[in-house]
Structures are given as structure tokens and as C-alpha cells.
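Only one structure is covered here, and it is reproduced in the block below.
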Amino acid sequence: MTNAAGSQAAGNADYRRVFGHLPTGVVVVTGRGATGEPLGITIGSFTSISLDPPLAGFFIGRQSRTWPLIAAGAIFCANVLASSQTEWCWRFAKDAVDGSRFDGITAGRSANGSPVLPGVVATVDCTLHATHSVGDHDLIVGSVTDLRVLSDATAMVFFKGKTGDANIAG
Ligand SMILES: Cc1cc2nc3c(=O)[nH]c(=O)nc-3n(C[C@H](O)[C@H](O)[C@H](O)COP(=O)(O)O)c2cc1C
């Protein structure tokens, strides 16, 4: 690549390829819209941040259409996907801001009233604590209000663009 735009494109490709080699868990961050409709977004960057006080968070692209709708309610729930839930990993990453991502899913309710997908490994309920602008993403920091393991199922891992299995021997 000789021009600046080409170098940038090559840099972006490298960035995606190299970070694709870093395995992540997968959660669906859920919440509710103004009329109580269920909303959710697939997120790979969810992580623990602080134990005392208990904080957890994730990075959201500033172009996200669903996050502002969830954020308006100031609460959310991270649903940790099981390795068998690949369809939902893709479904909650596809274009849809009208709640249709939940079509055919009978969601439960977390302690703070956010949707819980059936069969998820764990849930982490948060109230919105802080939002920090970082490059082209926002760091969303949640104050953890409830957290629980719901199933012994093996958690999903995302690696090199594919879903897999977090089963660790022993
Ligand atoms: C495995 C996986 C992990 C993802 N992680 C993130 C993430 O951490 N932050 C983010 O902003 N988008 C992430 N995405 C992309 C969003 O799910 C996708 O952009 C979605 O369409 C956003 O929906 P919205 O525009 O309705 O908010 C991820 C997608 C996948 C498949």
C-alpha cells in the first residue's frame, strides 16, 4: 500500500485479524425500550472492572442504534451465552432495532427487570454508572446490582470470527 488511505485500510485489516486471535466471551446486553419492549445487543467486550465497588462494563460502538434506547432506562443486564447459543450470537448482532431480535424467544426477567435469554450461563445486572468516550467507542461502566450463575452449560468463546466452546479440562 502506498497511499495513506491504503495504509489505513491495511492497518484496519491487521487490527481486526490480530484481535480476532484474542478469544472473548460473548454476552447479550439486554434492556428495555420506552414502551417496555425487549432490546439486546451482542457484545464481546464485557468485562469485570472493579470489585469494591462492584463495577462491570463494555465498549459500545458510537453508531449503535440499540444502546441509546437501553441507556435511556439506565439499567441493563449482561446475559452470558452458552456455547450452544450461536444463533443468538449472530441474531443480536444483526440489524434490528424494533425488538424483533426477540421473536420466538420467551425471555425471563432479571432482578432489575431486564430480559433474560433462556439457557444462558450467567447474568450480571447493572445500573448505568458512567459513560466515557474512547476513540470511536464509548466505555459503558455499570454498577453491579445483582449477579448469578444460572446454568452449568459451557460458556461461548468467540475466536477468529467463529463461536466455540470454553470447556477447560479439569
Ligand atoms: C461476537 C461479537 C461481539 C461483538 N462485540 C461488540 C462489542 O463489544 N461492542 C460493539 O459495539 N459491538 C459489538 N459487536 C457488534 C454488535 O453486536 C453489532 O454492531 C450490532 O448490530 C449492534 O446493534 P445495534 O446497532 O442495534 O446497537 C459484536 C458482534 C459479535 C458477533
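Residues in the C-alpha cells are named by chain (A, B, ... in the order shown) and by number from 1 within that chain; ligands are numbered from 1 in the order shown.
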
Proximity check chain A to ligand 1, 10 Å, nearest pairs one decimal Å, only C-alpha atoms and all ligand atoms, as a Markdown table:
| residue | atom | partner | partner_atom_place_in_ligand_line | distance |
| --- | --- | --- | --- | --- |
| A:Gly20 | CA | ligand 1 | 1 (C) | 9.9 |
| A:Pro23 | CA | ligand 1 | 1 (C) | 9.8 |
| A:Thr24 | CA | ligand 1 | 1 (C) | 7.9 |
| A:Gly25 | CA | ligand 1 | 1 (C) | 8.0 |
| A:Val26 | CA | ligand 1 | 1 (C) | 5.8 |
| A:Val27 | CA | ligand 1 | 3 (C) | 8.0 |
| A:Val28 | CA | ligand 1 | 17 (O) | 8.3 |
| A:Val29 | CA | ligand 1 | 17 (O) | 9.3 |
| A:Leu39 | CA | ligand 1 | 26 (O) | 8.5 |
| A:Gly40 | CA | ligand 1 | 26 (O) | 7.6 |
| A:Ile41 | CA | ligand 1 | 17 (O) | 5.1 |
| A:Thr42 | CA | ligand 1 | 17 (O) | 4.0 |
| A:Ile43 | CA | ligand 1 | 5 (N) | 3.5 |
| A:Gly44 | CA | ligand 1 | 5 (N) | 3.7 |
| A:Ser45 | CA | ligand 1 | 8 (O) | 3.9 |
| A:Phe46 | CA | ligand 1 | 8 (O) | 6.6 |
| A:Thr47 | CA | ligand 1 | 8 (O) | 9.8 |
| A:Gly57 | CA | ligand 1 | 8 (O) | 9.8 |
| A:Phe58 | CA | ligand 1 | 8 (O) | 6.2 |
| A:Phe59 | CA | ligand 1 | 9 (N) | 5.1 |
| A:Ile60 | CA | ligand 1 | 11 (O) | 3.4 |
| A:Gly61 | CA | ligand 1 | 11 (O) | 3.7 |
| A:Arg62 | CA | ligand 1 | 11 (O) | 7.2 |
| A:Gln63 | CA | ligand 1 | 25 (O) | 6.5 |
| A:Ser64 | CA | ligand 1 | 27 (O) | 3.6 |
| A:Arg65 | CA | ligand 1 | 25 (O) | 4.1 |
| A:Thr66 | CA | ligand 1 | 27 (O) | 3.7 |
| A:Trp67 | CA | ligand 1 | 27 (O) | 5.2 |
| A:Pro68 | CA | ligand 1 | 27 (O) | 8.0 |
| A:Leu69 | CA | ligand 1 | 27 (O) | 8.9 |
| A:Ile70 | CA | ligand 1 | 27 (O) | 9.4 |
| A:Thr86 | CA | ligand 1 | 1 (C) | 9.3 |
| A:Trp88 | CA | ligand 1 | 31 (C) | 9.3 |
| A:Cys89 | CA | ligand 1 | 31 (C) | 5.8 |
| A:Trp90 | CA | ligand 1 | 31 (C) | 5.4 |
| A:Arg91 | CA | ligand 1 | 31 (C) | 8.4 |
| A:Phe92 | CA | ligand 1 | 17 (O) | 6.0 |
| A:Ala93 | CA | ligand 1 | 17 (O) | 3.5 |
| A:Lys94 | CA | ligand 1 | 21 (O) | 4.6 |
| A:Asp95 | CA | ligand 1 | 21 (O) | 5.2 |
| A:Ala96 | CA | ligand 1 | 26 (O) | 5.7 |
| A:Val97 | CA | ligand 1 | 26 (O) | 5.2 |
| A:Asp98 | CA | ligand 1 | 26 (O) | 8.8 |
| A:Gly99 | CA | ligand 1 | 26 (O) | 9.5 |
| A:Arg101 | CA | ligand 1 | 26 (O) | 9.3 |
| A:Asp136 | CA | ligand 1 | 11 (O) | 9.5 |
| A:His137 | CA | ligand 1 | 11 (O) | 7.0 |
| A:Asp138 | CA | ligand 1 | 11 (O) | 8.4 |
| A:Leu139 | CA | ligand 1 | 9 (N) | 9.4 |
| A:Met156 | CA | ligand 1 | 1 (C) | 9.5 |
| A:Val157 | CA | ligand 1 | 1 (C) | 8.4 |
| A:Phe158 | CA | ligand 1 | 1 (C) | 5.7 |
| A:Phe159 | CA | ligand 1 | 1 (C) | 8.4 |
| A:Lys160 | CA | ligand 1 | 1 (C) | 9.9 |
| A:Gly161 | CA | ligand 1 | 1 (C) | 7.4 |
| A:Lys162 | CA | ligand 1 | 1 (C) | 7.8 |
| A:Thr163 | CA | ligand 1 | 1 (C) | 7.5 |

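Residue neighbourhood of Gly119 of chain A, excluding near-sequence residues (fewer than 5 positions): Leu81, Ala82, Leu150, Ser151 and Ala153 of chain A, at 8 Å, using only C-alpha atoms.
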
Write out, as a compact mmCIF listing (two decimals), in the first residue's frame, the residues just selected, with C-alpha atoms.
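Final output, saved to result.txt:
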# COMPACT_ATOMS: atom_id res chain seq x y z
CA LEU A 81 -24.19 -17.01 26.27
CA ALA A 82 -23.68 -20.78 26.36
CA LEU A 150 -27.92 -19.83 36.08
CA SER A 151 -26.61 -22.94 34.40
CA ALA A 153 -23.63 -25.10 30.48

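The closest residue to Pro38 of chain A, picked from A:Pro54, A:Gly6, A:Pro115, A:Gly11 and counting only C-alpha atoms, is A:Pro115.
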
Worksheet item: So which residues of segment 16-88 of chain A fall under alpha helix (DSSP H) by DSSP, listed as a VMD selection string?
Response: chain A and resid 16 to 20 66 to 71 86 to 88

Can I get the selected residues back with N, CA and C atoms, as a short mmCIF file (atom, residue, chain, number, x, y, z; two decimals), in the first residue's frame?
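Everything below was put into part_33.cif:
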data_model
loop_
_atom_site.label_atom_id
_atom_site.label_comp_id
_atom_site.auth_asym_id
_atom_site.auth_seq_id
_atom_site.Cartn_x
_atom_site.Cartn_y
_atom_site.Cartn_z
N ARG A 16 -8.12 -5.95 12.91
CA ARG A 16 -9.21 -6.94 13.04
C ARG A 16 -8.65 -8.36 13.11
N ARG A 17 -7.66 -8.65 12.25
CA ARG A 17 -7.13 -10.02 12.18
C ARG A 17 -6.43 -10.38 13.50
N VAL A 18 -5.59 -9.47 13.98
CA VAL A 18 -4.83 -9.80 15.19
C VAL A 18 -5.77 -9.90 16.40
N PHE A 19 -6.70 -8.95 16.53
CA PHE A 19 -7.63 -9.03 17.67
C PHE A 19 -8.59 -10.20 17.54
N GLY A 20 -8.79 -10.69 16.29
CA GLY A 20 -9.59 -11.91 16.11
C GLY A 20 -8.95 -13.12 16.76
N THR A 66 -29.20 0.48 19.15
CA THR A 66 -29.95 -0.09 20.28
C THR A 66 -29.45 0.45 21.62
N TRP A 67 -28.13 0.66 21.75
CA TRP A 67 -27.62 1.06 23.05
C TRP A 67 -28.27 2.34 23.59
N PRO A 68 -28.44 3.39 22.80
CA PRO A 68 -29.06 4.60 23.37
C PRO A 68 -30.47 4.33 23.91
N LEU A 69 -31.18 3.37 23.30
CA LEU A 69 -32.53 3.04 23.76
C LEU A 69 -32.47 2.32 25.12
N ILE A 70 -31.49 1.42 25.26
CA ILE A 70 -31.31 0.75 26.55
C ILE A 70 -30.82 1.75 27.60
N ALA A 71 -29.85 2.57 27.20
CA ALA A 71 -29.22 3.50 28.15
C ALA A 71 -30.23 4.49 28.72
N THR A 86 -25.14 -20.20 19.50
CA THR A 86 -24.52 -19.49 18.37
C THR A 86 -25.54 -18.66 17.59
N GLU A 87 -26.72 -19.19 17.42
CA GLU A 87 -27.73 -18.46 16.62
C GLU A 87 -28.02 -17.09 17.24
N TRP A 88 -28.04 -17.04 18.57
CA TRP A 88 -28.34 -15.77 19.23
C TRP A 88 -27.16 -14.81 19.15
#

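Reported to one decimal place, the separation of atom CA of Cys77 of chain A from atom CA of Arg148 of chain A is 11.1 Å.
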
Discussion item. As a ChimeraX atom specification, please: the residues near Ser143 of chain A (cut-off 7 Å, only C-alpha atoms, same-chain neighbours under 3 positions excluded).
Written reply: /A:54-56,126-129

Discussion item. For the structure I just gave you, how does DSSP split chain A - specifically, which residues are strand (DSSP E)? Reply as a VMD selection string.
Written reply: chain A and resid 24 to 25 27 to 32 38 to 43 47 to 50 55 to 61 75 to 80 108 to 109 115 to 116 122 to 134 137 to 149 156 to 159 162 to 165

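The interatomic distance for the pair atom CA of Ala155 of chain A and atom CA of Ser48 of chain A works out to 16.0 Å.
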
Practice prompt. Name all residues at most 7 Å from Ala107 of chain A (count only C-alpha atoms; drop same-chain ones fewer than 6 positions away) and give them as JSON, numbers by chain.
Written response: {"A": [115, 116, 117, 118]}

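Ranking A:Val120, A:Asp165, A:Val144, A:Glu37 by their shortest atom-to-atom distance to Leu51 of chain A, with only C-alpha atoms included, puts A:Val144 first.
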